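> Quick one: this structure, given as structure tokens, is what I'll be asking you about.
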Amino acid sequence: MKRMIKTVLFLSALVTFSAMSEALRIEITQGVSSAQPIVIVPFSSVQVVGGLPVDIAQVVSDDLARSGRFKPLPRMDMLNKPSSADQVNFRNWQSLGQDNLVIGSVTPSANGMLTVQFQLFDVYKGEQLTGFSIPANRSGLRGVAHRISDLIYEKLTGQKGAFSTRMAYVTSMPGINGKQEYKIQVADADGYGTKTIVTSSEPLMSPAWSPRGDKISYVSYEGRRSSIYTQTLRTGQREKLRSFKGINGAPSWSPDGSQLALTLSKDGSADIYIYNVITRSFRRLTRSYAIDTEPDWSPDGRQIIFTSDRGGKPQIYQISANGGQAGRVTFEGSYNARASYSPDGKNIVMVHRVNGQYRIATLDIKTGFSNILTNGELDESPSYAPNGSMILYSTNDGLKSILAAVSSDGKVRQKLRLQGGEVREPAWSPFK
Amino acid sequence: MKMYKNLVMGLLLSTALAGCSMFGGDDGTGTGDGVNGGVNGGASTTGVGDGSSFSGHPLDNPSSPLSTKVIYFAFDSSAVEPQYEAVLAAHGAYLAANAGVSVIVEGHADERGTREYNVALSEKRAKTVQNLLSLQGAAGNQTEAVALGEEKPVALGHDESAWHLNRRVELIYPAH
């Protein structure tokens, strides 16, 4: 708690999730005072026999609070709880200083299905901004809640919401036999629905999403040598890429899903290669005697940025995906590594050393303006949300590595805690 | 195997000579003239000394540089420091003398910096060591460089005392 919480209101917005033993617990450690006040009234479900397994309004409220751009009104401060437009008295909400209001209901429909209906209102104009009726089954209600969050967020900010996305990350903790156990897990963006996709007694590294979000490539040291695997999430089936002597690492998918950039050291030092998923052939992209690794594709698929110590210290370079001369991108500081592009391609985010501390920084490629976003000592593995609003990364919390998120302007911060063990190398999924 | 025996003999000889040089010293380990040993019918016995007449596997001999199998590096450096040159020379000579023996040269890094860069850095360390072994006559197929980056630390702290122990290359003889 080095950083004091800026807004007292955010103390009440402290979000904790502890439903599952391995669920991530998300807490907002720094909010902004400019967050928009919004009311999300509990959805009515009086007609649903047995009630609902998910409190939809709570999920939506938590989503919006986590973005740092909204300040949901606590339920105890709500004067009444309307569930249809004719029950809404806009003046009441105006007097509470609220900008927007969300109401909704869940009703049974045919074949045991449910219909989730919601409306978003501008409290001052007294008019509806958007409203949807969404069919759902009981087990899909969390997903529907995240979609509602996406729709509200997009309507009010003009930016696509990323609440329906997921994250992959690596965990490491002692197993039953005392030996270290490594896992790659996938969870919803709010930490729920944790699923382990692979477990190993040797290190797992560098999870990378395919652009459609249906596959994850990663590095595994099973057999004590590194290999790259691509695993289909739905089936759990995986394919081992042809592996070579030395390093097989740092996979990164091209935006069209046809190629993987990766690191091999089969020809001497670590260099970047391009693997064609269809022809299964490898093409060498960089040829230096230095370390070249950690490739990432520009959103248009034309450029690749990577880390290289060809100038003596690790810095970020950019090269055409077709090859050619690499140009240096970073000049500030003596350690810049593991860069990736923002979804709009205008910025990169990377690990930047300042006064011996490793922090997450962004760099505007055109202007060269850089911004240090975090204040940890060993922050690493930054990963942009697909809408560019937030950046997931790993940081040290005491002796443990945990995940954290920071808004891309550095103003909002969160910590994501997993019960027991180390969590690292987060990778934010693309949009569904 | 014959060469191996010769090496063992050589080692025993050199340690015996080392023992000789201590004759007359005040550490009480020098023996051999029968004064302290049992004397029977003109035969003389010798004491076991302080372990200098090591009879185990040469890779385990605590007084041999071969017993050192981990060497440490400076931050973001893959240069072998002078104090480890004798260690690597001994391992290289051992491999050269034992063509059937192979070693895994496992590189590691401390937790600072990014993970895949550290994999590459740890490989650079392993390859530097591999090259020094081959300079002593170890054949290419006797050594394999493996790069584990910061994934397998031996010390879990977050300060230089831990980082120093983690910036390492381990020589692993799988058959040993």
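Each chain of the structure tokens is named A, B, ... in the order shown, its residues numbered from 1; ligands are numbered from 1 in display order.
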Give as a list in words every residue of chain A that touches chain B within 8 Å, counting only C-alpha atoms.

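The answer, sorted by residue number, is Pro203, Ser206, Arg225, Gly246, Ile247, Gly249, Ala250, Ser269, Ala270, Ile291, Thr293, Glu294, Thr307, Ala337, Arg338, Val351, Tyr358, Leu378, Glu380, Ser381 and Leu399 of chain A.
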
> Suppose we keep C-alpha atoms; can you now write the selection as a PDB file, in the first residue's frame?


```pdb
ATOM      1  CA  PRO A 203       8.758 -24.395 -16.067  1.00  0.00           C
ATOM      2  CA  SER A 206       5.239 -16.980 -22.313  1.00  0.00           C
ATOM      3  CA  ARG A 225      14.399 -28.737 -22.970  1.00  0.00           C
ATOM      4  CA  GLY A 246      18.887 -24.308 -27.882  1.00  0.00           C
ATOM      5  CA  ILE A 247      16.155 -21.770 -27.247  1.00  0.00           C
ATOM      6  CA  GLY A 249      10.806 -19.339 -27.004  1.00  0.00           C
ATOM      7  CA  ALA A 250       8.831 -16.091 -27.026  1.00  0.00           C
ATOM      8  CA  SER A 269      22.815 -16.552 -30.791  1.00  0.00           C
ATOM      9  CA  ALA A 270      19.118 -15.971 -30.085  1.00  0.00           C
ATOM     10  CA  ILE A 291      20.509 -11.490 -28.303  1.00  0.00           C
ATOM     11  CA  THR A 293      14.167 -11.979 -28.607  1.00  0.00           C
ATOM     12  CA  GLU A 294      10.649 -11.038 -27.402  1.00  0.00           C
ATOM     13  CA  THR A 307      14.478  -6.769 -27.668  1.00  0.00           C
ATOM     14  CA  ALA A 337      12.732  -4.927 -23.011  1.00  0.00           C
ATOM     15  CA  ARG A 338       9.666  -7.011 -23.888  1.00  0.00           C
ATOM     16  CA  VAL A 351       9.752  -2.944 -19.179  1.00  0.00           C
ATOM     17  CA  TYR A 358      12.038  -2.288 -13.362  1.00  0.00           C
ATOM     18  CA  LEU A 378      10.323  -5.740 -10.453  1.00  0.00           C
ATOM     19  CA  GLU A 380       7.285  -7.082 -15.893  1.00  0.00           C
ATOM     20  CA  SER A 381       5.271  -8.739 -18.670  1.00  0.00           C
ATOM     21  CA  LEU A 399       8.008 -11.881  -1.516  1.00  0.00           C
TER      22      LEU A 399
END
```

> Would you kindly return, as a compact mmCIF listing (two decimals) with N, CA and C atoms, in the first residue's frame, each protein, DNA or RNA residue with an atom no farther than 8 Å from any atom of Pro65 (chain B), considering only C-alpha atoms and excluding same-chain residues fewer than 5 positions away?


```txt
# COMPACT_ATOMS: atom_id res chain seq x y z
N ALA B 86 40.20 -22.16 -13.56
CA ALA B 86 40.79 -23.46 -13.22
C ALA B 86 39.72 -24.54 -13.15
N VAL B 87 38.55 -24.15 -12.65
CA VAL B 87 37.44 -25.11 -12.55
C VAL B 87 37.05 -25.60 -13.93
N ALA B 90 39.66 -27.79 -15.58
CA ALA B 90 39.65 -29.16 -15.06
C ALA B 90 38.50 -29.97 -15.67
N HIS B 91 37.31 -29.35 -15.77
CA HIS B 91 36.17 -30.05 -16.36
C HIS B 91 36.41 -30.33 -17.84
```

> Point out the residue among A:Phe121, A:Tyr153, A:Trp297, A:Tyr317 with the least atom-to-atom distance to Ala85 (chain A), counting only C-alpha atoms.

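Among the listed residues, the smallest separation from Ala85 (chain A) belongs to A:Phe121.
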
> For Lys125 (chain A), find every residue with an atom within 10 Å (counting only C-alpha atoms), except residues of its own chain fewer than 5 positions away, and show them as a PyMOL selection string.

chain A and resi 90+99-100

> Would you save the residues of that selection, restricted to C-alpha atoms, as a short mmCIF file (atom, residue, chain, number, x, y, z; two decimals), in the first residue's frame?


```cif
data_model
loop_
_atom_site.label_atom_id
_atom_site.label_comp_id
_atom_site.auth_asym_id
_atom_site.auth_seq_id
_atom_site.Cartn_x
_atom_site.Cartn_y
_atom_site.Cartn_z
CA PHE A 90 -35.21 10.96 -12.59
CA ASP A 99 -25.26 11.02 -14.23
CA ASN A 100 -26.61 7.71 -15.46
#
```

> State, in Å with one decimal place, the distance from CA of Ser389 (chain A) to CA of Pro343 (chain A).

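That distance, rounded to one decimal, is 9.6 Å.
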
> May I ask for the distance between CA of Ser394 (chain A) and CA of Tyr72 (chain B), given in Å to one decimal place?

26.9 Å

> Quick one: of A:Lys183, A:Arg91, A:Arg353, A:Arg242, who's nearest to Ser281 (chain A), counting only C-alpha atoms?

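Nearest to Ser281 (chain A): A:Arg242.
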
> Need to verify the contact set: region 110-113 of chain A, 8 Å, only C-alpha atoms, exclusion of same-chain residues closer than 4 positions in sequence. Can you return it as JSON, numbers by chain?

{"A": [135, 136, 137, 138]}

> Near Glu81 (chain B), within 9 Å and counting only C-alpha atoms, which residues show up once chain neighbours fewer than 4 positions away are dropped, as a list in words?

Ile71, Tyr72, Phe73, Ala74 and Glu85 of chain B

> For the atom pair CA of Glu239 (chain A) and CA of Asp267 (chain A), what is the interatomic distance in Å to one decimal place?

23.7 Å

> Which neighbours of Leu260 (chain A) fall inside 10 Å, counting only C-alpha atoms, when residues of the same chain fewer than 2 positions from it are skipped, and could you give them as a ChimeraX atom specification?

/A:208,210,217,250-255,257-258,262-263,273-277,282,295-297

> Tell me which protein, DNA and RNA residues are within 6 Å of region 383-387 of chain A, counting only C-alpha atoms, leaving out same-chain ones fewer than 4 positions away, and put them as a list in words.

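Once the adjacent positions are removed, what remains is Ile391, Leu392, Ala427, Trp428 and Pro430 of chain A.
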
> Enumerate, as an NGL selection string, the complete set of residues in region 39-90 of chain A that a backbone-based DSSP assignment places in alpha helix (DSSP H).

:A and (56-66 or 90)
